[in-house]
$ cat my_file.cif   # mmCIF, C-alpha atoms and all ligand atoms
data_run
loop_
_atom_site.label_atom_id
_atom_site.label_comp_id
_atom_site.auth_asym_id
_atom_site.auth_seq_id
_atom_site.Cartn_x
_atom_site.Cartn_y
_atom_site.Cartn_z
CA MET Z 1 77.02 19.51 -112.29
CA ASP Z 2 77.46 16.45 -114.50
CA LYS Z 3 75.77 16.86 -117.85
CA GLU Z 4 74.56 13.34 -118.06
CA LYS Z 5 74.28 10.21 -116.04
CA GLY Z 6 75.62 7.02 -117.54
CA SER Z 7 79.18 6.35 -118.63
CA PRO Z 8 81.66 9.18 -118.81
CA ILE Z 9 83.39 9.53 -122.18
CA LEU Z 10 86.63 10.17 -120.32
CA ALA Z 11 87.37 8.71 -116.91
CA ILE Z 12 90.60 9.61 -115.15
CA LYS Z 13 91.30 7.36 -112.20
CA ASN Z 14 93.93 8.02 -109.56
CA LEU Z 15 96.43 9.47 -112.00
CA SER Z 16 99.91 10.22 -110.72
CA LYS Z 17 103.00 11.54 -112.42
CA THR Z 18 106.49 12.42 -111.22
CA PHE Z 19 109.31 14.24 -112.99
CA ASP Z 20 112.75 13.28 -111.63
CA GLY Z 21 111.22 12.02 -108.42
CA VAL Z 22 109.13 15.15 -107.89
CA GLU Z 23 105.40 14.54 -107.68
CA VAL Z 24 103.56 16.71 -110.19
CA LEU Z 25 100.20 14.92 -110.27
CA ASN Z 26 99.02 13.06 -107.23
CA GLY Z 27 95.92 10.88 -107.43
CA ILE Z 28 93.81 12.86 -109.91
CA SER Z 29 90.36 11.38 -110.55
CA LEU Z 30 87.85 13.05 -112.84
CA ASN Z 31 84.88 11.94 -114.90
CA VAL Z 32 84.03 13.85 -118.05
CA TYR Z 33 80.55 13.40 -119.53
CA LYS Z 34 79.39 14.22 -123.02
CA GLY Z 35 78.74 17.95 -123.31
CA ASP Z 36 80.73 18.86 -120.20
CA VAL Z 37 82.74 22.06 -120.40
CA ILE Z 38 85.25 21.81 -117.58
CA ALA Z 39 87.50 24.72 -116.69
CA ILE Z 40 90.76 23.61 -115.08
CA ILE Z 41 92.26 26.40 -113.06
CA GLY Z 42 95.01 26.89 -110.51
CA ALA Z 43 98.34 28.56 -109.92
CA SER Z 44 101.35 28.17 -112.17
CA GLY Z 45 103.20 24.89 -111.73
CA GLY Z 46 100.20 23.09 -110.21
CA GLY Z 47 100.16 20.40 -112.89
CA LYS Z 48 97.38 21.55 -115.25
CA SER Z 49 99.37 21.15 -118.46
CA THR Z 50 100.81 17.86 -117.28
CA LEU Z 51 97.28 16.58 -116.70
CA LEU Z 52 96.22 17.45 -120.27
CA ARG Z 53 99.47 16.04 -121.64
CA CYS Z 54 98.86 12.75 -119.82
CA ILE Z 55 95.33 12.59 -121.21
CA ASN Z 56 96.67 13.10 -124.70
CA GLN Z 57 99.60 10.74 -124.03
CA LEU Z 58 102.23 13.37 -124.65
CA GLU Z 59 103.36 12.30 -121.17
CA LYS Z 60 103.19 8.83 -119.68
CA PRO Z 61 101.63 8.72 -116.22
CA ASP Z 62 103.43 6.75 -113.49
CA SER Z 63 100.20 5.18 -112.32
CA GLY Z 64 96.45 5.41 -112.66
CA GLN Z 65 94.12 4.95 -115.57
CA ILE Z 66 92.74 7.06 -118.38
CA VAL Z 67 89.69 5.42 -119.90
CA PHE Z 68 88.52 7.06 -123.11
CA ALA Z 69 85.67 5.76 -125.23
CA GLY Z 70 85.70 2.61 -123.12
CA LYS Z 71 89.43 1.85 -123.56
CA ASN Z 72 92.31 2.28 -121.15
CA ILE Z 73 94.52 4.35 -123.40
CA ASN Z 74 97.72 3.23 -121.70
CA ASP Z 75 97.10 -0.41 -122.54
CA PRO Z 76 99.58 -1.90 -124.95
CA GLY Z 77 98.05 -2.34 -128.39
CA VAL Z 78 95.92 0.81 -128.22
CA ASP Z 79 96.56 2.92 -131.33
CA ILE Z 80 97.46 6.28 -129.82
CA ASN Z 81 97.32 8.12 -133.14
CA ARG Z 82 93.77 6.99 -133.58
CA ILE Z 83 92.92 8.07 -130.02
CA ARG Z 84 94.56 11.46 -130.59
CA THR Z 85 92.32 12.15 -133.60
CA LYS Z 86 89.37 11.83 -131.22
CA MET Z 87 90.94 14.30 -128.78
CA GLY Z 88 91.49 17.67 -130.38
CA MET Z 89 94.32 19.48 -128.63
CA VAL Z 90 94.83 23.23 -128.80
CA PHE Z 91 98.00 24.67 -127.25
CA GLN Z 92 99.03 28.11 -126.11
CA GLN Z 93 101.52 28.46 -128.96
CA PHE Z 94 99.22 27.43 -131.84
CA ASN Z 95 101.55 24.69 -133.16
CA LEU Z 96 100.41 25.11 -136.75
CA PHE Z 97 102.50 23.79 -139.64
CA ASN Z 98 104.23 27.01 -140.72
CA ASN Z 99 105.22 25.64 -144.10
CA MET Z 100 101.61 25.03 -145.17
CA ASN Z 101 98.82 27.48 -145.83
CA VAL Z 102 95.66 27.58 -143.72
CA ILE Z 103 93.59 25.06 -145.64
CA LYS Z 104 96.47 22.59 -145.99
CA ASN Z 105 96.93 22.77 -142.22
CA CYS Z 106 93.32 21.64 -141.92
CA MET Z 107 93.60 18.93 -144.58
CA TYR Z 108 96.88 17.24 -143.74
CA ALA Z 109 95.88 14.91 -140.88
CA GLN Z 110 92.53 14.14 -142.47
CA MET Z 111 94.30 12.70 -145.51
CA LYS Z 112 97.29 11.22 -143.68
CA VAL Z 113 95.61 9.70 -140.63
CA LEU Z 114 91.96 9.29 -141.61
CA ARG Z 115 92.74 8.57 -145.28
CA ARG Z 116 90.09 10.95 -146.50
CA SER Z 117 90.23 11.96 -150.16
CA GLU Z 118 91.56 15.39 -151.03
CA SER Z 119 88.14 16.67 -152.03
CA GLU Z 120 86.49 15.42 -148.86
CA ALA Z 121 89.30 16.80 -146.72
CA LYS Z 122 88.94 20.15 -148.45
CA ARG Z 123 85.17 20.25 -147.98
CA ARG Z 124 85.46 19.44 -144.27
CA ALA Z 125 88.32 21.91 -143.84
CA MET Z 126 86.21 24.71 -145.34
CA ASP Z 127 83.31 23.71 -143.12
CA ALA Z 128 85.52 23.89 -140.00
CA LEU Z 129 87.08 27.18 -141.13
CA SER Z 130 83.62 28.65 -141.49
CA LYS Z 131 82.84 27.65 -137.89
CA VAL Z 132 85.82 29.69 -136.69
CA GLY Z 133 85.27 32.59 -139.11
CA MET Z 134 88.38 31.92 -141.19
CA VAL Z 135 87.02 30.89 -144.61
CA ASP Z 136 88.29 34.11 -146.18
CA HIS Z 137 91.81 33.23 -145.06
CA ALA Z 138 91.86 29.66 -146.39
CA ASN Z 139 94.73 30.36 -148.77
CA TYR Z 140 96.77 32.57 -146.47
CA ASN Z 141 100.18 31.53 -145.26
CA VAL Z 142 100.29 30.88 -141.53
CA HIS Z 143 102.89 33.60 -140.95
CA ALA Z 144 100.52 36.19 -142.41
CA LEU Z 145 97.95 35.59 -139.66
CA SER Z 146 97.50 37.33 -136.32
CA GLY Z 147 97.78 35.27 -133.15
CA GLY Z 148 94.02 35.15 -132.75
CA GLN Z 149 93.59 34.00 -136.34
CA LYS Z 150 96.26 31.33 -135.88
CA GLN Z 151 94.50 30.04 -132.81
CA ARG Z 152 91.16 29.89 -134.64
CA VAL Z 153 92.83 27.89 -137.43
CA ALA Z 154 94.33 25.58 -134.79
CA ILE Z 155 90.81 25.00 -133.45
CA ALA Z 156 89.50 24.30 -136.97
CA ARG Z 157 92.38 21.90 -137.57
CA ALA Z 158 91.33 19.91 -134.50
CA LEU Z 159 87.63 20.02 -135.39
CA VAL Z 160 88.06 18.47 -138.85
CA MET Z 161 88.98 15.19 -137.18
CA ASN Z 162 85.52 15.01 -135.54
CA PRO Z 163 86.91 14.86 -132.02
CA GLU Z 164 84.80 13.55 -129.17
CA ILE Z 165 86.54 15.91 -126.81
CA MET Z 166 88.60 19.08 -127.17
CA LEU Z 167 91.52 19.78 -124.84
CA PHE Z 168 92.64 23.40 -124.57
CA ASP Z 169 95.80 24.44 -122.74
CA GLU Z 170 95.67 28.19 -122.11
CA PRO Z 171 94.58 28.92 -125.67
CA THR Z 172 94.46 32.68 -125.14
CA SER Z 173 97.54 33.25 -122.95
CA ALA Z 174 99.83 34.15 -125.84
CA LEU Z 175 97.35 36.59 -127.39
CA ASP Z 176 97.00 40.35 -127.31
CA PRO Z 177 93.96 41.39 -125.28
CA LYS Z 178 91.97 42.41 -128.33
CA MET Z 179 92.37 38.94 -129.84
CA ILE Z 180 91.43 37.02 -126.73
CA GLY Z 181 87.75 37.78 -127.23
CA GLU Z 182 87.58 36.38 -130.75
CA VAL Z 183 89.06 33.06 -129.64
CA LEU Z 184 86.87 32.84 -126.52
CA LYS Z 185 83.83 33.51 -128.74
CA VAL Z 186 84.73 30.54 -130.97
CA MET Z 187 85.17 28.38 -127.86
CA LYS Z 188 81.81 29.51 -126.50
CA ASP Z 189 80.16 28.66 -129.84
CA LEU Z 190 81.70 25.20 -129.64
CA ALA Z 191 80.44 24.75 -126.10
CA ASP Z 192 76.96 25.92 -127.11
CA ALA Z 193 77.03 23.39 -129.96
CA GLY Z 194 77.53 20.63 -127.38
CA MET Z 195 81.26 19.95 -127.71
CA THR Z 196 82.84 18.26 -124.71
CA MET Z 197 85.73 20.43 -123.59
CA LEU Z 198 88.50 20.45 -121.01
CA VAL Z 199 89.90 23.96 -120.83
CA VAL Z 200 92.95 24.99 -118.83
CA THR Z 201 92.52 28.72 -118.54
CA HIS Z 202 93.27 31.89 -116.66
CA GLU Z 203 90.18 33.50 -118.22
CA MET Z 204 87.90 33.47 -115.22
CA SER Z 205 85.01 34.96 -117.22
CA PHE Z 206 85.05 31.90 -119.46
CA ALA Z 207 85.19 29.59 -116.45
CA LYS Z 208 82.32 31.48 -114.82
CA ASN Z 209 80.06 31.93 -117.80
CA VAL Z 210 80.69 29.01 -120.13
CA ALA Z 211 81.96 26.07 -118.05
CA ASN Z 212 79.49 23.82 -116.23
CA LYS Z 213 82.19 22.64 -113.83
CA VAL Z 214 85.35 24.12 -112.38
CA VAL Z 215 88.26 21.97 -111.30
CA PHE Z 216 90.76 23.73 -109.07
CA ILE Z 217 94.19 22.11 -109.09
CA TYR Z 218 96.62 22.75 -106.29
CA ASN Z 219 100.02 21.07 -106.04
CA GLY Z 220 99.06 18.20 -108.29
CA ARG Z 221 95.75 17.41 -106.65
CA ILE Z 222 92.15 18.37 -107.32
CA ARG Z 223 91.66 20.53 -104.28
CA GLU Z 224 88.15 21.67 -105.10
CA MET Z 225 85.61 20.98 -107.81
CA GLY Z 226 82.15 22.40 -108.31
CA TYR Z 227 79.61 24.53 -110.10
CA PRO Z 228 81.19 27.80 -111.26
CA LYS Z 229 78.55 29.91 -109.55
CA TYR Z 230 79.37 28.41 -106.16
CA PHE Z 231 83.09 28.07 -106.69
CA PHE Z 232 83.55 31.72 -107.59
CA THR Z 233 81.24 33.19 -104.97
CA ASP Z 234 81.76 30.77 -102.14
CA PRO Z 235 84.94 28.69 -102.43
CA ILE Z 236 85.40 26.16 -99.66
CA THR Z 237 89.11 25.52 -99.28
CA PRO Z 238 91.60 28.14 -98.08
CA GLU Z 239 93.74 27.44 -101.16
CA ALA Z 240 90.87 28.23 -103.56
CA LYS Z 241 90.00 31.34 -101.56
CA GLU Z 242 93.57 32.56 -101.74
CA PHE Z 243 93.81 31.80 -105.47
CA LEU Z 244 90.63 33.73 -106.23
CA GLN Z 245 91.69 36.66 -104.09
CA GLY Z 246 94.99 36.77 -105.97
CA ILE Z 247 93.19 37.09 -109.29
CA ASN Z 248 90.78 39.73 -108.14
CA HIS Z 249 93.52 42.08 -107.08
N1 LIG J 1 109.02 17.69 -118.89
C1 LIG J 1 109.18 18.07 -117.62
N2 LIG J 1 110.31 17.74 -116.94
C2 LIG J 1 110.49 18.11 -115.66
N3 LIG J 1 109.58 18.82 -114.95
C3 LIG J 1 108.45 19.19 -115.57
C4 LIG J 1 108.19 18.85 -116.95
N4 LIG J 1 106.97 19.33 -117.29
C5 LIG J 1 106.51 19.96 -116.19
N5 LIG J 1 107.38 19.88 -115.17
C6 LIG J 1 107.17 20.44 -113.82
O1 LIG J 1 105.94 19.96 -113.35
C7 LIG J 1 105.24 20.95 -112.59
C8 LIG J 1 103.88 21.19 -113.18
O2 LIG J 1 104.01 21.77 -114.45
P1 LIG J 1 102.78 22.09 -115.38
O3 LIG J 1 103.36 22.67 -116.63
O4 LIG J 1 101.92 20.91 -115.53
O5 LIG J 1 102.02 23.21 -114.54
P2 LIG J 1 100.84 24.17 -114.96
O6 LIG J 1 99.81 24.06 -113.90
O7 LIG J 1 100.44 23.89 -116.35
O8 LIG J 1 101.53 25.62 -114.87
P3 LIG J 1 101.27 26.96 -115.76
O9 LIG J 1 100.02 27.60 -115.23
O10 LIG J 1 102.50 27.78 -115.50
O11 LIG J 1 101.18 26.54 -117.19
C9 LIG J 1 106.14 22.18 -112.62
O12 LIG J 1 106.89 22.20 -111.44
C10 LIG J 1 107.04 21.95 -113.81
O13 LIG J 1 108.29 22.57 -113.64
MG MG J 2 100.52 24.99 -118.11
#

$ encode --input "my_file.cif" --output "structure tokens"
Amino acid sequence: MDKEKGSPILAIKNLSKTFDGVEVLNGISLNVYKGDVIAIIGASGGGKSTLLRCINQLEKPDSGQIVFAGKNINDPGVDINRIRTKMGMVFQQFNLFNNMNVIKNCMYAQMKVLRRSESEAKRRAMDALSKVGMVDHANYNVHALSGGQKQRVAIARALVMNPEIMLFDEPTSALDPKMIGEVLKVMKDLADAGMTMLVVTHEMSFAKNVANKVVFIYNGRIREMGYPKYFFTDPITPEAKEFLQGINH
């Protein structure tokens, strides 16, 4: 199940988080190795987004550790902006800069955060846009794009930073069915190219066919974790069984 022995590039240890006294994550532990593609699945409200948001420090956990590239990212003195460049995050709602065109969206953080020159930023932006099939749209305004195109640009914008891991939070949930496939194809290409990915998704075909590990979250805990082929055909816990039956209906 694990891609590689040795040190995980991301180690989550006993992570807990409450909102207003309500426990949303409860003792989550997960090791992510280079090249892992982990599908995080589970019912609405289970804590999947909160888990990704804690990893990316958009939320502060109450307790537990997140060790990334050998550093506990909650330690004081850790430069979170630097860490975030190494974790590409793709959200359900694209979150592009609407006042910039496509290529500027992919250049901005390179120049601002990584201090790359304009010409280098442009070269790398075009390279990333070609990976997601959006080179022809480099000069388009964001509002002229379809949802699927926006999401592919959002993926390119994360890739230009040379992330060590990509975090996806339901990247296809806001898309029309015909656009879901084009985004999943880009994600599969990334996985095939060896990108380490944590993907919160309701796309069970992606979890089955692309992920090497499935993590099933139930009420803030990892209730079951395993190889997709076993998880989907022979889930162990009653909660996972019920969840899978609900989707198949
Ligand atoms: N900022 C917040 N303040 C208060 N409660 C929150 C906040 N963010 C999330 N929650 C609550 O935490 C719980 C878990 O939410 P979360 O968004 O992580 O679930 P999820 O598994 O991503 O669900 P979905 O599949 O609907 O996206 C929910 O009960 C939610 O209402
Ligand atoms: Mg969510």

$ residues_near_ligand --input "my_file.cif" --ligand "ligand LIG 1 (chain J)" --cutoff "10 Å" --atoms "only C-alpha atoms and all ligand atoms" --output "compact mmCIF listing (two decimals) with C-alpha atoms, in the coordinates of the input"
# COMPACT_ATOMS: atom_id res chain seq x y z
CA LYS Z 17 103.00 11.54 -112.42
CA THR Z 18 106.49 12.42 -111.22
CA PHE Z 19 109.31 14.24 -112.99
CA ASP Z 20 112.75 13.28 -111.63
CA GLY Z 21 111.22 12.02 -108.42
CA VAL Z 22 109.13 15.15 -107.89
CA GLU Z 23 105.40 14.54 -107.68
CA VAL Z 24 103.56 16.71 -110.19
CA LEU Z 25 100.20 14.92 -110.27
CA ILE Z 40 90.76 23.61 -115.08
CA ILE Z 41 92.26 26.40 -113.06
CA GLY Z 42 95.01 26.89 -110.51
CA ALA Z 43 98.34 28.56 -109.92
CA SER Z 44 101.35 28.17 -112.17
CA GLY Z 45 103.20 24.89 -111.73
CA GLY Z 46 100.20 23.09 -110.21
CA GLY Z 47 100.16 20.40 -112.89
CA LYS Z 48 97.38 21.55 -115.25
CA SER Z 49 99.37 21.15 -118.46
CA THR Z 50 100.81 17.86 -117.28
CA LEU Z 51 97.28 16.58 -116.70
CA LEU Z 52 96.22 17.45 -120.27
CA ARG Z 53 99.47 16.04 -121.64
CA CYS Z 54 98.86 12.75 -119.82
CA LEU Z 58 102.23 13.37 -124.65
CA GLU Z 59 103.36 12.30 -121.17
CA GLN Z 92 99.03 28.11 -126.11
CA ASP Z 169 95.80 24.44 -122.74
CA GLU Z 170 95.67 28.19 -122.11
CA SER Z 173 97.54 33.25 -122.95
CA VAL Z 200 92.95 24.99 -118.83
CA THR Z 201 92.52 28.72 -118.54
CA HIS Z 202 93.27 31.89 -116.66
CA ILE Z 217 94.19 22.11 -109.09
CA TYR Z 218 96.62 22.75 -106.29
CA ASN Z 219 100.02 21.07 -106.04
CA GLY Z 220 99.06 18.20 -108.29

$ atom_distance --input "my_file.cif" --atom1 "CA of Thr196 (chain Z)" --atom2 "CA of Pro61 (chain Z)"
22.7 Å

$ residues_around --input "my_file.cif" --residues "Val210 (chain Z)" --least-positions-apart "3" --cutoff "9 Å" --atoms "all atoms listed in the file" --output "list in words"
Val37, Ile38, Ala39, Met187, Lys188, Ala191, Asp192, Ser205, Phe206, Ala207 and Pro228 of chain Z

$ closest_residue --input "my_file.cif" --among "Z:Phe91, Z:Lys229, Z:Met204, Z:Leu190" --to "ligand MG 2 (chain J)" --atoms "only C-alpha atoms and all ligand atoms"
Z:Phe91

$ closest_residue --input "my_file.cif" --among "Z:Val142, Z:Lys104, Z:Ala109, Z:Phe231" --to "Leu244 (chain Z)" --atoms "only C-alpha atoms"
Z:Phe231

$ closest_residue --input "my_file.cif" --among "Z:Val132, Z:Val160, Z:Met225, Z:Leu145" --to "Met107 (chain Z)" --atoms "all atoms listed in the file"
Z:Val160

$ closest_residue --input "my_file.cif" --among "Z:Ser16, Z:Ser29, Z:Gln65, Z:Gln93" --to "ligand MG 2 (chain J)" --atoms "all atoms listed in the file"
Z:Gln93

$ axis_aligned_box --input "my_file.cif" --around "region 219-226 of chain Z" --padding-each-side "4 Å" --output "AutoDock Vina command-line options"
--center_x 91.1 --center_y 19.9 --center_z -106.3 --size_x 25.9 --size_y 13.0 --size_z 12.0

$ atom_distance --input "my_file.cif" --atom1 "CA of Leu96 (chain Z)" --atom2 "CA of Val113 (chain Z)"
16.6 Å

$ atom_distance --input "my_file.cif" --atom1 "CA of Asp62 (chain Z)" --atom2 "CA of Asp79 (chain Z)"
19.5 Å

$ closest_residue --input "my_file.cif" --among "Z:Leu129, Z:Ile165, Z:Ala158, Z:Met111" --to "Ala69 (chain Z)" --atoms "all atoms listed in the file"
Z:Ile165

$ closest_residue --input "my_file.cif" --among "Z:Asn98, Z:Ser146, Z:Gln245, Z:Asn31" --to "Ile66 (chain Z)" --atoms "only C-alpha atoms"
Z:Asn31

$ residues_near_point --input "my_file.cif" --point "(78.4, 8.9, -117.8)" --cutoff "8 Å" --atoms "all atoms listed in the file" --output "ChimeraX atom specification"
/Z:4-9,31-34

$ build_atoms --input "my_file.cif" --residues "region 132-149 of chain Z" --atoms "N, CA and C atoms" --output "PDB file, keeping the file's coordinate frame"
ATOM      1  N   VAL Z 132      84.943  28.801-137.461  1.00  0.00           N
ATOM      2  CA  VAL Z 132      85.820  29.690-136.690  1.00  0.00           C
ATOM      3  C   VAL Z 132      86.010  31.045-137.385  1.00  0.00           C
ATOM      4  N   GLY Z 133      85.227  31.285-138.425  1.00  0.00           N
ATOM      5  CA  GLY Z 133      85.270  32.590-139.110  1.00  0.00           C
ATOM      6  C   GLY Z 133      86.548  32.831-139.901  1.00  0.00           C
ATOM      7  N   MET Z 134      87.107  31.757-140.485  1.00  0.00           N
ATOM      8  CA  MET Z 134      88.380  31.920-141.190  1.00  0.00           C
ATOM      9  C   MET Z 134      88.331  31.475-142.660  1.00  0.00           C
ATOM     10  N   VAL Z 135      87.144  31.327-143.210  1.00  0.00           N
ATOM     11  CA  VAL Z 135      87.020  30.890-144.610  1.00  0.00           C
ATOM     12  C   VAL Z 135      87.768  31.839-145.557  1.00  0.00           C
ATOM     13  N   ASP Z 136      87.650  33.122-145.298  1.00  0.00           N
ATOM     14  CA  ASP Z 136      88.290  34.110-146.180  1.00  0.00           C
ATOM     15  C   ASP Z 136      89.815  34.011-146.175  1.00  0.00           C
ATOM     16  N   HIS Z 137      90.353  33.333-145.177  1.00  0.00           N
ATOM     17  CA  HIS Z 137      91.810  33.230-145.060  1.00  0.00           C
ATOM     18  C   HIS Z 137      92.329  31.848-145.448  1.00  0.00           C
ATOM     19  N   ALA Z 138      91.488  31.052-146.107  1.00  0.00           N
ATOM     20  CA  ALA Z 138      91.860  29.660-146.390  1.00  0.00           C
ATOM     21  C   ALA Z 138      93.185  29.537-147.124  1.00  0.00           C
ATOM     22  N   ASN Z 139      93.494  30.479-147.987  1.00  0.00           N
ATOM     23  CA  ASN Z 139      94.730  30.360-148.770  1.00  0.00           C
ATOM     24  C   ASN Z 139      95.875  31.218-148.240  1.00  0.00           C
ATOM     25  N   TYR Z 140      95.697  31.765-147.060  1.00  0.00           N
ATOM     26  CA  TYR Z 140      96.770  32.570-146.470  1.00  0.00           C
ATOM     27  C   TYR Z 140      97.892  31.672-145.948  1.00  0.00           C
ATOM     28  N   ASN Z 141      99.097  32.203-145.960  1.00  0.00           N
ATOM     29  CA  ASN Z 141     100.180  31.530-145.260  1.00  0.00           C
ATOM     30  C   ASN Z 141     100.015  31.760-143.763  1.00  0.00           C
ATOM     31  N   VAL Z 142     100.451  30.779-142.985  1.00  0.00           N
ATOM     32  CA  VAL Z 142     100.290  30.880-141.530  1.00  0.00           C
ATOM     33  C   VAL Z 142     100.980  32.140-140.980  1.00  0.00           C
ATOM     34  N   HIS Z 143     102.154  32.457-141.522  1.00  0.00           N
ATOM     35  CA  HIS Z 143     102.890  33.600-140.950  1.00  0.00           C
ATOM     36  C   HIS Z 143     102.225  34.943-141.256  1.00  0.00           C
ATOM     37  N   ALA Z 144     101.229  34.941-142.131  1.00  0.00           N
ATOM     38  CA  ALA Z 144     100.520  36.190-142.410  1.00  0.00           C
ATOM     39  C   ALA Z 144      99.320  36.406-141.482  1.00  0.00           C
ATOM     40  N   LEU Z 145      99.126  35.489-140.546  1.00  0.00           N
ATOM     41  CA  LEU Z 145      97.950  35.590-139.660  1.00  0.00           C
ATOM     42  C   LEU Z 145      98.317  36.225-138.325  1.00  0.00           C
ATOM     43  N   SER Z 146      97.325  36.848-137.702  1.00  0.00           N
ATOM     44  CA  SER Z 146      97.500  37.330-136.320  1.00  0.00           C
ATOM     45  C   SER Z 146      97.444  36.131-135.375  1.00  0.00           C
ATOM     46  N   GLY Z 147      97.836  36.354-134.130  1.00  0.00           N
ATOM     47  CA  GLY Z 147      97.780  35.270-133.150  1.00  0.00           C
ATOM     48  C   GLY Z 147      96.379  34.710-132.970  1.00  0.00           C
ATOM     49  N   GLY Z 148      95.403  35.603-132.921  1.00  0.00           N
ATOM     50  CA  GLY Z 148      94.020  35.150-132.750  1.00  0.00           C
ATOM     51  C   GLY Z 148      93.546  34.324-133.932  1.00  0.00           C
ATOM     52  N   GLN Z 149      93.957  34.754-135.137  1.00  0.00           N
ATOM     53  CA  GLN Z 149      93.590  34.000-136.340  1.00  0.00           C
ATOM     54  C   GLN Z 149      94.272  32.637-136.348  1.00  0.00           C
TER      55      GLN Z 149
END
